[in-house]
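With compact mmCIF, C-alpha atoms inside, this is protein_11.txt:
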# COMPACT_ATOMS: atom_id res chain seq x y z
CA MET S 1267 12.79 -31.82 9.83
CA ILE S 1268 11.88 -28.28 10.85
CA TYR S 1269 12.62 -25.33 8.56
CA LEU S 1270 12.96 -21.96 10.27
CA ASP S 1271 15.09 -20.06 7.76
CA HIS S 1272 12.40 -18.44 5.62
CA ALA S 1273 14.33 -15.16 5.40
CA ALA S 1274 16.90 -17.07 3.33
CA THR S 1275 14.30 -18.64 1.06
CA THR S 1276 10.72 -19.89 1.24
CA SER S 1277 9.16 -23.07 -0.04
CA LEU S 1278 7.40 -22.92 -3.39
CA SER S 1279 3.64 -22.70 -2.92
CA ASP S 1280 1.46 -25.37 -4.49
CA ALA S 1281 -0.25 -22.82 -6.74
CA ALA S 1282 3.08 -21.35 -7.91
CA LEU S 1283 4.47 -24.84 -8.59
CA GLN S 1284 1.39 -25.77 -10.63
CA THR S 1285 1.68 -22.58 -12.63
CA PHE S 1286 5.36 -23.31 -13.30
CA ILE S 1287 4.53 -26.81 -14.54
CA ASP S 1288 1.59 -25.72 -16.69
CA ILE S 1289 3.45 -22.87 -18.37
CA SER S 1290 6.53 -25.05 -18.96
CA LYS S 1291 4.36 -27.65 -20.72
CA GLU S 1292 2.00 -25.48 -22.74
CA TYR S 1293 3.82 -22.22 -23.43
CA TYR S 1294 7.29 -23.26 -24.55
CA GLY S 1295 7.65 -20.63 -27.28
CA ASN S 1296 10.02 -17.68 -27.09
CA PRO S 1297 7.99 -14.57 -26.14
CA SER S 1298 9.98 -12.57 -28.72
CA SER S 1299 9.04 -14.85 -31.63
CA ILE S 1300 6.32 -13.58 -33.98
CA HIS S 1301 4.76 -16.97 -34.79
CA TRP S 1302 1.85 -18.54 -32.91
CA ALA S 1303 4.03 -20.18 -30.23
CA GLY S 1304 5.78 -16.89 -29.52
CA ARG S 1305 2.50 -15.00 -29.39
CA LYS S 1306 1.07 -17.49 -26.91
CA ALA S 1307 4.13 -17.16 -24.70
CA ASN S 1308 4.07 -13.38 -24.98
CA SER S 1309 0.45 -13.31 -23.81
CA ILE S 1310 1.51 -15.07 -20.60
CA LEU S 1311 4.38 -12.62 -20.14
CA ARG S 1312 2.06 -9.64 -20.59
CA LYS S 1313 -0.48 -11.07 -18.14
CA ALA S 1314 2.16 -11.68 -15.45
CA ARG S 1315 3.52 -8.16 -15.87
CA LEU S 1316 0.01 -6.70 -15.65
CA ASP S 1317 -0.87 -8.79 -12.58
CA ILE S 1318 2.25 -7.63 -10.73
CA ALA S 1319 1.76 -4.01 -11.79
CA GLN S 1320 -1.81 -4.03 -10.47
CA ILE S 1321 -0.62 -5.23 -7.07
CA PHE S 1322 1.67 -2.20 -6.86
CA ASP S 1323 -0.87 0.15 -8.47
CA THR S 1324 1.47 1.04 -11.30
CA LYS S 1325 1.86 0.54 -15.06
CA PRO S 1326 2.98 -2.76 -16.59
CA GLU S 1327 5.88 -1.12 -18.44
CA GLN S 1328 7.36 -0.14 -15.09
CA ILE S 1329 7.96 -3.79 -14.15
CA ILE S 1330 11.28 -5.18 -15.41
CA PHE S 1331 11.82 -8.90 -14.93
CA THR S 1332 15.22 -10.01 -13.61
CA SER S 1333 16.94 -13.13 -12.32
CA GLY S 1334 16.28 -12.08 -8.70
CA GLY S 1335 16.83 -9.42 -6.08
CA SER S 1336 20.59 -9.08 -6.47
CA GLU S 1337 20.32 -8.35 -10.18
CA ALA S 1338 17.47 -5.93 -9.57
CA ASP S 1339 19.55 -4.07 -6.95
CA THR S 1340 22.56 -3.89 -9.24
CA LEU S 1341 20.54 -2.85 -12.28
CA ALA S 1342 18.96 0.03 -10.39
CA ILE S 1343 22.08 1.30 -8.59
CA GLN S 1344 24.82 0.71 -11.14
CA GLY S 1345 22.56 1.32 -14.13
CA TYR S 1346 21.32 4.67 -12.86
CA ALA S 1347 24.66 5.85 -11.41
CA LEU S 1348 26.61 5.25 -14.61
CA ALA S 1349 23.95 6.78 -16.84
CA ASN S 1350 23.62 9.89 -14.68
CA GLN S 1351 27.10 10.53 -13.32
CA HIS S 1352 27.16 13.86 -15.16
CA LYS S 1353 24.68 15.08 -12.50
CA GLY S 1354 26.99 14.13 -9.63
CA LYS S 1355 28.96 11.19 -8.26
CA HIS S 1356 27.73 11.04 -4.67
CA LEU S 1357 25.62 8.09 -3.47
CA ILE S 1358 24.06 7.32 -0.08
CA THR S 1359 23.20 3.98 1.47
CA THR S 1360 23.25 2.40 4.93
CA ALA S 1361 25.80 0.14 6.57
CA ILE S 1362 23.17 -2.57 7.17
CA GLU S 1363 22.16 -3.16 3.54
CA HIS S 1364 22.28 -6.52 1.79
CA HIS S 1365 25.62 -7.24 0.16
CA ALA S 1366 23.98 -6.93 -3.27
CA VAL S 1367 23.73 -3.21 -2.51
CA LEU S 1368 26.96 -2.76 -0.54
CA HIS S 1369 29.16 -4.57 -3.05
CA THR S 1370 27.65 -2.64 -5.95
CA MET S 1371 28.40 0.60 -4.13
CA GLU S 1372 31.97 -0.55 -3.48
CA TYR S 1373 32.36 -1.43 -7.16
CA LEU S 1374 31.24 2.04 -8.21
CA GLU S 1375 33.68 3.59 -5.75
CA LYS S 1376 36.63 1.48 -6.86
CA CYS S 1377 36.11 1.40 -10.61
CA PHE S 1378 34.33 4.66 -11.42
CA GLY S 1379 35.34 7.11 -8.72
CA PHE S 1380 31.97 7.52 -7.03
CA GLU S 1381 31.82 8.70 -3.42
CA VAL S 1382 29.49 6.75 -1.15
CA THR S 1383 28.22 7.79 2.26
CA TYR S 1384 27.39 4.74 4.42
CA ILE S 1385 24.91 5.71 7.14
CA GLU S 1386 25.72 3.97 10.41
CA PRO S 1387 22.94 3.08 12.88
CA VAL S 1388 22.51 5.33 15.89
CA ASN S 1389 21.05 3.47 18.87
CA GLN S 1390 20.69 0.49 16.50
CA VAL S 1391 18.35 2.31 14.08
CA ILE S 1392 18.62 4.37 10.89
CA SER S 1393 16.66 7.64 10.86
CA ALA S 1394 15.39 9.72 7.97
CA GLN S 1395 17.19 12.69 9.52
CA GLN S 1396 20.51 10.94 8.96
CA ILE S 1397 19.71 10.61 5.26
CA LYS S 1398 18.69 14.28 5.10
CA GLU S 1399 21.92 15.42 6.73
CA ALA S 1400 24.01 13.31 4.32
CA LEU S 1401 22.39 14.77 1.18
CA ARG S 1402 24.54 17.00 -1.00
CA PRO S 1403 23.85 18.92 -4.23
CA ASP S 1404 25.77 16.22 -6.13
CA THR S 1405 23.91 13.27 -4.57
CA ILE S 1406 22.21 11.36 -7.39
CA LEU S 1407 20.94 8.19 -5.69
CA VAL S 1408 19.91 6.98 -2.23
CA SER S 1409 19.49 3.25 -1.60
CA VAL S 1410 17.79 2.09 1.61
CA MET S 1411 16.28 -1.33 2.29
CA TYR S 1412 12.65 -1.63 3.40
CA ALA S 1413 13.25 -4.37 5.97
CA ASN S 1414 16.56 -5.76 7.11
CA ASN S 1415 17.14 -9.39 6.17
CA GLU S 1416 19.01 -10.25 9.38
CA THR S 1417 17.00 -8.46 12.07
CA GLY S 1418 13.66 -7.58 10.44
CA LEU S 1419 14.22 -3.88 11.25
CA LEU S 1420 11.87 -1.66 9.25
CA LEU S 1421 13.51 1.47 7.89
CA PRO S 1422 11.70 4.85 7.53
CA ILE S 1423 10.96 4.55 3.83
CA ARG S 1424 7.99 6.92 3.73
CA GLU S 1425 9.90 9.68 5.54
CA ILE S 1426 12.95 9.27 3.31
CA GLY S 1427 10.78 9.39 0.21
CA GLU S 1428 9.28 12.68 1.37
CA ILE S 1429 12.75 14.12 2.00
CA LEU S 1430 13.94 13.16 -1.48
CA TYR S 1431 10.81 14.38 -3.27
CA ASP S 1432 12.33 17.80 -4.04
CA HIS S 1433 15.92 16.60 -4.46
CA GLN S 1434 17.57 15.38 -7.67
CA ALA S 1435 18.59 12.11 -5.97
CA VAL S 1436 16.48 9.12 -6.97
CA PHE S 1437 15.30 6.64 -4.36
CA HIS S 1438 16.06 2.92 -4.63
CA VAL S 1439 14.50 0.53 -2.13
CA ASP S 1440 15.56 -3.09 -1.69
CA ALA S 1441 12.19 -4.52 -0.68
CA VAL S 1442 13.17 -8.18 -1.00
CA GLN S 1443 12.30 -9.02 2.62
CA ALA S 1444 9.14 -6.89 2.75
CA ILE S 1445 7.22 -7.71 -0.42
CA GLY S 1446 4.41 -10.18 0.21
CA LYS S 1447 4.46 -9.35 3.92
CA ILE S 1448 3.31 -5.72 4.16
CA PRO S 1449 1.46 -3.42 1.71
CA ILE S 1450 3.82 -1.43 -0.52
CA LEU S 1451 2.79 1.18 -3.08
CA PRO S 1452 5.99 2.63 -4.56
CA GLU S 1453 4.43 5.70 -6.14
CA GLU S 1454 2.69 6.69 -2.92
CA LEU S 1455 6.03 6.34 -1.11
CA HIS S 1456 7.95 8.33 -3.76
CA ILE S 1457 10.10 5.32 -4.60
CA ASP S 1458 11.85 5.41 -7.98
CA PHE S 1459 13.31 1.88 -8.00
CA LEU S 1460 12.12 -1.14 -5.99
CA SER S 1461 13.72 -4.60 -6.01
CA ALA S 1462 12.00 -7.95 -5.42
CA ALA S 1463 12.86 -11.66 -5.46
CA ALA S 1464 10.22 -14.34 -5.98
CA HIS S 1465 11.74 -16.96 -3.68
CA LYS S 1466 11.19 -14.72 -0.65
CA PHE S 1467 7.39 -14.89 -1.05
CA HIS S 1468 6.92 -18.58 -1.96
CA GLY S 1469 7.76 -18.18 -5.63
CA PRO S 1470 10.59 -19.91 -7.55
CA LYS S 1471 14.28 -19.13 -7.26
CA GLY S 1472 16.11 -17.39 -10.07
CA VAL S 1473 13.46 -14.80 -10.88
CA GLY S 1474 12.57 -11.35 -9.57
CA PHE S 1475 11.72 -7.89 -10.80
CA LEU S 1476 12.64 -4.25 -10.60
CA TYR S 1477 9.93 -1.60 -10.39
CA SER S 1478 11.24 1.45 -12.20
CA ARG S 1479 9.58 4.84 -12.40
CA LEU S 1480 12.44 6.08 -14.60
CA ALA S 1481 13.86 5.04 -17.96
CA ASN S 1482 17.26 6.76 -17.91
CA PHE S 1483 19.54 3.98 -16.68
CA ASP S 1484 22.05 1.68 -18.36
CA SER S 1485 21.54 -2.02 -18.95
CA LEU S 1486 23.75 -4.64 -17.34
CA ILE S 1487 23.03 -7.38 -19.86
CA HIS S 1488 23.26 -6.67 -23.59
CA GLY S 1489 22.22 -8.62 -26.66
CA GLY S 1490 18.48 -8.15 -27.10
CA ARG S 1491 15.66 -5.66 -26.80
CA GLN S 1492 13.67 -7.45 -24.09
CA GLU S 1493 12.23 -5.68 -21.03
CA GLU S 1494 11.90 -2.26 -22.70
CA GLN S 1495 15.56 -2.63 -23.74
CA HIS S 1496 16.66 -2.65 -20.08
CA ARG S 1497 17.46 -6.35 -19.69
CA ALA S 1498 18.48 -8.49 -22.65
CA GLY S 1499 17.83 -12.22 -22.73
CA THR S 1500 14.91 -14.56 -23.24
CA GLU S 1501 12.55 -14.23 -20.31
CA ASN S 1502 12.15 -17.03 -17.77
CA LEU S 1503 8.47 -17.39 -18.67
CA ALA S 1504 7.52 -20.22 -16.31
CA GLY S 1505 9.36 -18.57 -13.43
CA ILE S 1506 7.79 -15.19 -14.10
CA ALA S 1507 4.27 -16.63 -14.29
CA ALA S 1508 4.84 -18.63 -11.09
CA MET S 1509 6.17 -15.49 -9.40
CA ALA S 1510 3.03 -13.57 -10.33
CA THR S 1511 0.90 -16.41 -8.95
CA ALA S 1512 2.84 -16.51 -5.68
CA LEU S 1513 2.75 -12.74 -5.24
CA LYS S 1514 -0.99 -12.53 -5.78
CA GLU S 1515 -1.52 -15.46 -3.42
CA GLN S 1516 0.52 -13.78 -0.67
CA THR S 1517 -0.93 -10.30 -1.09
CA ASP S 1518 -4.50 -11.66 -1.09
CA GLN S 1519 -3.83 -13.16 2.36
CA LEU S 1520 -1.33 -10.57 3.57
CA GLU S 1521 -3.13 -9.42 6.71
CA GLN S 1522 -4.04 -12.96 7.75
CA HIS S 1523 -0.46 -14.19 7.30
CA TYR S 1524 0.98 -11.19 9.14
CA GLN S 1525 -1.23 -11.86 12.15
CA THR S 1526 -0.36 -15.56 12.09
CA VAL S 1527 3.35 -14.80 12.14
CA THR S 1528 2.93 -12.11 14.81
CA ASP S 1529 1.28 -14.72 17.02
CA LEU S 1530 4.05 -17.22 16.28
CA LYS S 1531 6.76 -14.76 17.31
CA ALA S 1532 4.93 -13.97 20.57
CA PHE S 1533 4.47 -17.69 21.22
CA LEU S 1534 8.18 -18.39 20.71
CA LEU S 1535 9.36 -15.58 22.99
CA ASP S 1536 6.87 -16.57 25.66
CA LYS S 1537 8.10 -20.16 25.58
CA LEU S 1538 11.69 -18.95 25.82
CA ALA S 1539 10.96 -16.66 28.78
CA PRO S 1540 12.73 -18.87 31.35
CA SER S 1541 15.88 -18.87 29.24
CA ASN S 1542 18.60 -16.28 29.26
CA TYR S 1543 18.38 -14.57 25.87
CA TYR S 1544 18.38 -11.13 24.27
CA LEU S 1545 16.83 -9.78 21.09
CA ASN S 1546 18.77 -7.83 18.50
CA GLU S 1547 15.77 -5.60 17.94
CA SER S 1548 15.61 -1.89 18.63
CA GLY S 1549 12.84 -0.41 16.50
CA PRO S 1550 9.81 -1.25 14.36
CA SER S 1551 10.40 -4.62 12.75
CA LEU S 1552 8.77 -7.41 10.78
CA PRO S 1553 7.61 -10.30 12.98
CA TYR S 1554 8.87 -12.71 10.32
CA VAL S 1555 12.46 -12.42 11.57
CA VAL S 1556 13.73 -12.95 15.13
CA ASN S 1557 17.42 -12.26 15.67
CA ILE S 1558 18.17 -13.68 19.08
CA GLY S 1559 21.29 -14.26 21.15
CA PHE S 1560 22.13 -16.54 24.06
CA PRO S 1561 24.95 -15.32 26.33
CA HIS S 1562 28.09 -17.50 26.29
CA GLN S 1563 26.64 -19.72 23.53
CA LEU S 1564 28.65 -19.59 20.31
CA ASN S 1565 26.27 -19.41 17.36
CA GLU S 1566 28.45 -21.75 15.28
CA GLN S 1567 28.04 -24.56 17.81
CA LEU S 1568 24.39 -23.73 18.38
CA LEU S 1569 23.60 -23.91 14.65
CA MET S 1570 25.41 -27.23 14.38
CA ARG S 1571 23.54 -28.81 17.29
CA LEU S 1572 20.18 -27.54 16.07
CA ASP S 1573 20.94 -28.91 12.62
CA LEU S 1574 21.71 -32.31 14.13
CA ALA S 1575 18.28 -32.13 15.78
CA GLY S 1576 16.73 -31.49 12.36
CA ILE S 1577 16.14 -27.76 12.82
CA ALA S 1578 17.24 -25.30 10.13
CA VAL S 1579 18.06 -21.79 11.36
CA SER S 1580 20.90 -19.45 10.39
CA SER S 1581 23.34 -16.87 11.70
CA GLY S 1582 22.22 -14.17 9.30
CA SER S 1583 22.39 -13.42 5.61
CA ALA S 1584 21.87 -16.37 3.30
CA CYS S 1585 24.71 -15.09 1.13
CA THR S 1586 27.19 -16.07 3.83
CA ALA S 1587 25.70 -19.54 4.26
CA GLY S 1588 28.38 -22.18 4.72
CA VAL S 1589 30.76 -19.67 6.25
CA ILE S 1590 30.20 -18.56 9.84
CA GLN S 1591 31.47 -15.00 9.88
CA ALA S 1592 30.63 -11.88 11.82
CA SER S 1593 27.40 -10.25 10.72
CA HIS S 1594 28.08 -6.86 9.17
CA VAL S 1595 24.58 -5.82 10.28
CA LEU S 1596 25.14 -6.62 13.96
CA GLU S 1597 28.63 -5.14 13.75
CA ALA S 1598 27.17 -1.86 12.49
CA MET S 1599 24.50 -1.92 15.20
CA TYR S 1600 26.56 -2.99 18.22
CA GLY S 1601 30.23 -2.64 17.30
CA GLN S 1602 32.85 -5.12 16.15
CA ASP S 1603 33.76 -6.16 19.70
CA SER S 1604 30.24 -7.03 20.80
CA ASP S 1605 29.62 -10.61 21.91
CA ARG S 1606 26.35 -10.45 19.99
CA LEU S 1607 28.26 -11.08 16.77
CA LYS S 1608 29.25 -14.59 17.86
CA GLU S 1609 26.21 -15.44 20.01
CA SER S 1610 23.27 -14.51 17.76
CA ILE S 1611 21.17 -16.63 15.44
CA ARG S 1612 18.31 -15.77 13.10
CA ILE S 1613 15.01 -17.61 13.34
CA SER S 1614 12.63 -16.71 10.53
CA PHE S 1615 9.02 -17.76 10.02
CA SER S 1616 6.38 -18.08 7.36
CA HIS S 1617 2.65 -18.50 7.76
CA LYS S 1618 3.29 -22.23 7.30
CA THR S 1619 5.31 -22.45 10.52
CA THR S 1620 3.48 -24.22 13.34
CA LYS S 1621 3.52 -23.84 17.12
CA GLU S 1622 4.43 -27.51 17.38
CA GLU S 1623 7.61 -26.82 15.44
CA LEU S 1624 8.45 -23.89 17.70
CA ASP S 1625 7.77 -26.05 20.77
CA PHE S 1626 10.36 -28.54 19.55
CA LEU S 1627 12.83 -25.72 18.85
CA VAL S 1628 12.42 -24.43 22.40
CA GLN S 1629 12.93 -27.90 23.85
CA GLN S 1630 16.18 -28.28 21.93
CA LEU S 1631 17.38 -24.82 22.91
CA HIS S 1632 16.71 -25.51 26.58
CA GLN S 1633 18.70 -28.73 26.35
CA ILE S 1634 21.59 -27.08 24.55
CA ILE S 1635 21.92 -24.01 26.74
CA GLY S 1636 21.22 -25.90 29.95
CA GLY S 1637 17.84 -24.34 30.74
CA THR S 1638 14.84 -26.05 32.25
CA GLN S 1639 11.76 -27.02 30.34

Go ahead and render the structure in this file as structure tokens.
Amino acid sequence: MIYLDHAATTSLSDAALQTFIDISKEYYGNPSSIHWAGRKANSILRKARLDIAQIFDTKPEQIIFTSGGSEADTLAIQGYALANQHKGKHLITTAIEHHAVLHTMEYLEKCFGFEVTYIEPVNQVISAQQIKEALRPDTILVSVMYANNETGLLLPIREIGEILYDHQAVFHVDAVQAIGKIPILPEELHIDFLSAAAHKFHGPKGVGFLYSRLANFDSLIHGGRQEEQHRAGTENLAGIAAMATALKEQTDQLEQHYQTVTDLKAFLLDKLAPSNYYLNESGPSLPYVVNIGFPHQLNEQLLMRLDLAGIAVSSGSACTAGVIQASHVLEAMYGQDSDRLKESIRISFSHKTTKEELDFLVQQLHQIIGGTQ
């Protein structure tokens, strides 16, 4: 069985799994309790927060633990927009964001009367100039992803941060696909909110965090004073500790892993050279994701036949898994009538992927599309 859908989720690293087990066994107290068991648990919580903060060169109190990337996105966007709507009700995002961002924006439009500008790609890319031209005096928040989850496209985060530096609008970055793969220092990039999910960098599912430079935003979950009163509920201590372990493990080997995956992508495309394919790639991108199309090959049938061969790939966002539908990202990039929407699949790597696995993938693709080995 060959797993090539790491953009959807990654396997739990051995070190993260061991941390999860150890903390679950030994530190079962509630971190909010004042007795010895609570104090022991709270010490683990403080250490994990400090470890993550040090990776991003920020303060521990600026790390808010969440249930994952979607909650972190929603907390930043909805929480800030509702708390600061007296400053303006205009928001900016891009048409290629994750649905956690897009659906939150739509909710604010429908239920609270916000106006959202959705930046469409020009020549398949989003530019900082487009963000600048969309800014208005009443813009209070801009949300742009660091790396696209379907194509790997890297967006101009540094340039956008510089544009927003002297504007009232705060800057939210969904960095779910980028964290653990490239260096990110939010304060250096003038980022106000940054979202992360542990399961994208070999941590456990159901846990993530929001980096927040600001304190003036509403909570989504009420009932307790946890997370600096921004996120009520008993913390997922084992998950948080395992996330910190996984993040440190990945960042310590970041350059090595990046080079490994870069080589894997080049190897795959070289092996596929005799085949008739195209890449849905038009600008700087992460090598971890390859969005590739095969003319006259329906992706639904291709995914099914690869699955029967024991190969796991996808057609795009994990949040549409189980339902083959047109990719909103490719639609924004190429238009709703483009054949790319029904011909493209996403192959995504980790440093654990091997060339032998890619060799087998290529063999199966050649057989399916009628190429020669």

Task: Spatial neighbours of segment 1591-1595 of chain S, max dist 8 Å, only C-alpha atoms, sep filter under 5 positions, as a PyMOL selection string - done: chain S and resi 1361-1363+1416+1581-1583+1586+1607-1608

Could you name the residues that touch segment 1536-1551 of chain S at 8 Å or less, counting only C-alpha atoms, but leaving out those on the same chain fewer than 6 positions away, as a short mmCIF file (atom, residue, chain, number, x, y, z; two decimals) with C-alpha atoms, in the frame of the given file?
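Listing of out.cif after writing:
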data_model
loop_
_atom_site.label_atom_id
_atom_site.label_comp_id
_atom_site.auth_asym_id
_atom_site.auth_seq_id
_atom_site.Cartn_x
_atom_site.Cartn_y
_atom_site.Cartn_z
CA ASN S 1389 21.05 3.47 18.87
CA GLN S 1390 20.69 0.49 16.50
CA VAL S 1391 18.35 2.31 14.08
CA ALA S 1413 13.25 -4.37 5.97
CA THR S 1417 17.00 -8.46 12.07
CA GLY S 1418 13.66 -7.58 10.44
CA LEU S 1419 14.22 -3.88 11.25
CA LEU S 1420 11.87 -1.66 9.25
CA LEU S 1421 13.51 1.47 7.89
CA ASN S 1557 17.42 -12.26 15.67
CA ILE S 1558 18.17 -13.68 19.08
CA GLY S 1559 21.29 -14.26 21.15
CA PHE S 1560 22.13 -16.54 24.06
CA PRO S 1561 24.95 -15.32 26.33
CA LEU S 1596 25.14 -6.62 13.96
CA ASP S 1625 7.77 -26.05 20.77
CA VAL S 1628 12.42 -24.43 22.40
CA HIS S 1632 16.71 -25.51 26.58
CA GLY S 1637 17.84 -24.34 30.74
CA THR S 1638 14.84 -26.05 32.25
#

Show which residues sit within 7 Å of segment 1429-1433 of chain S, as a short mmCIF file (atom, residue, chain, number, x, y, z; two decimals) with C-alpha atoms, keeping the file's coordinate frame. Count only C-alpha atoms, and ignore same-chain residues fewer than 3 positions away.
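Final output, result-v8.cif:
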data_model
loop_
_atom_site.label_atom_id
_atom_site.label_comp_id
_atom_site.auth_asym_id
_atom_site.auth_seq_id
_atom_site.Cartn_x
_atom_site.Cartn_y
_atom_site.Cartn_z
CA LYS S 1398 18.69 14.28 5.10
CA GLU S 1425 9.90 9.68 5.54
CA ILE S 1426 12.95 9.27 3.31
CA HIS S 1456 7.95 8.33 -3.76
#

Task: One-decimal distance in Å that lies between atom CA of Val1410 of chain S and atom CA of Leu1368 of chain S - done: 10.6 Å

Task: Nearest-residue call for Thr1332 of chain S, choices S:Val1473, S:Ile1318, S:Ala1274, S:Ile1634, using all atoms listed in the file - done: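 Between S:Val1473, S:Ile1318, S:Ala1274, S:Ile1634, the residue approaching Thr1332 of chain S most closely is S:Val1473.
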
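The spacing separating atom CA of Ile1397 of chain S from atom CA of Ser1604 of chain S amounts to 25.8 Å.
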
Task: Gap from atom CA of Asn1296 of chain S to atom CA of Glu1501 of chain S - Å, one decimal - done: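 Value for the atom CA of Asn1296 of chain S-atom CA of Glu1501 of chain S distance: 8.0 Å.
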
Open item on the list: Residues within 9 Å of Lys1514 of chain S, please, as a PyMOL selection string. Count only C-alpha atoms; anything in the same chain fewer than 5 positions from it doesn't count.
Closed with: chain S and resi 1317-1318+1321+1446+1509+1519

For Leu1624 of chain S: contacts at 9 Å, only C-alpha atoms, fewer than 2 positions along chain excluded, given as a compact mmCIF listing (two decimals) with C-alpha atoms, keeping the file's coordinate frame:
# COMPACT_ATOMS: atom_id res chain seq x y z
CA ILE S 1268 11.88 -28.28 10.85
CA LEU S 1270 12.96 -21.96 10.27
CA LEU S 1530 4.05 -17.22 16.28
CA PHE S 1533 4.47 -17.69 21.22
CA LEU S 1534 8.18 -18.39 20.71
CA LYS S 1537 8.10 -20.16 25.58
CA THR S 1619 5.31 -22.45 10.52
CA THR S 1620 3.48 -24.22 13.34
CA LYS S 1621 3.52 -23.84 17.12
CA GLU S 1622 4.43 -27.51 17.38
CA PHE S 1626 10.36 -28.54 19.55
CA LEU S 1627 12.83 -25.72 18.85
CA VAL S 1628 12.42 -24.43 22.40
CA GLN S 1629 12.93 -27.90 23.85

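Using only C-alpha atoms, the shortest contact distance between Lys1355 of chain S and any of S:Thr1340, S:Thr1405, S:Ser1580, S:Gln1396 is found at S:Thr1405.
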
- [ ] Can you work out which one of S:Thr1500, S:Gln1351, S:Thr1275, S:Gln1516 has the shortest atom-to-atom distance to Val1442 of chain S, counting only C-alpha atoms?
- [x] S:Thr1275

Open item on the list: Between S:Gln1395, S:Ser1299, S:Ser1290, S:Gln1344, which residue has the minimum interatomic distance to Gly1505 of chain S, considering only C-alpha atoms?
Closed with: S:Ser1290

TODO: Using all atoms listed in the file, pick whichever of S:Leu1564, S:Ala1338, S:Ala1282, S:Leu1520 has the shortest atom-to-atom distance to Ala1462 of chain S.
DONE: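 The answer is S:Ala1338, which sits nearest to Ala1462 of chain S.
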
Task: Nearest to Gly1474 of chain S, chosen from S:Ala1394, S:Leu1348, S:Ala1508, S:Ile1577, with all atoms listed in the file counted in the distances - done: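 Comparing S:Ala1394, S:Leu1348, S:Ala1508, S:Ile1577 against Gly1474 of chain S, the winner is S:Ala1508.
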
Padding of 8 Å on every side, edges along x, y and z, all listed atoms of segment 1303-1322 of chain S included: what centre and edge lengths in Å, to one decimal, does that box have, as JSON?
{"center_x": 2.0, "center_y": -11.2, "center_z": -18.5, "size_x": 23.6, "size_y": 34.0, "size_z": 39.4}
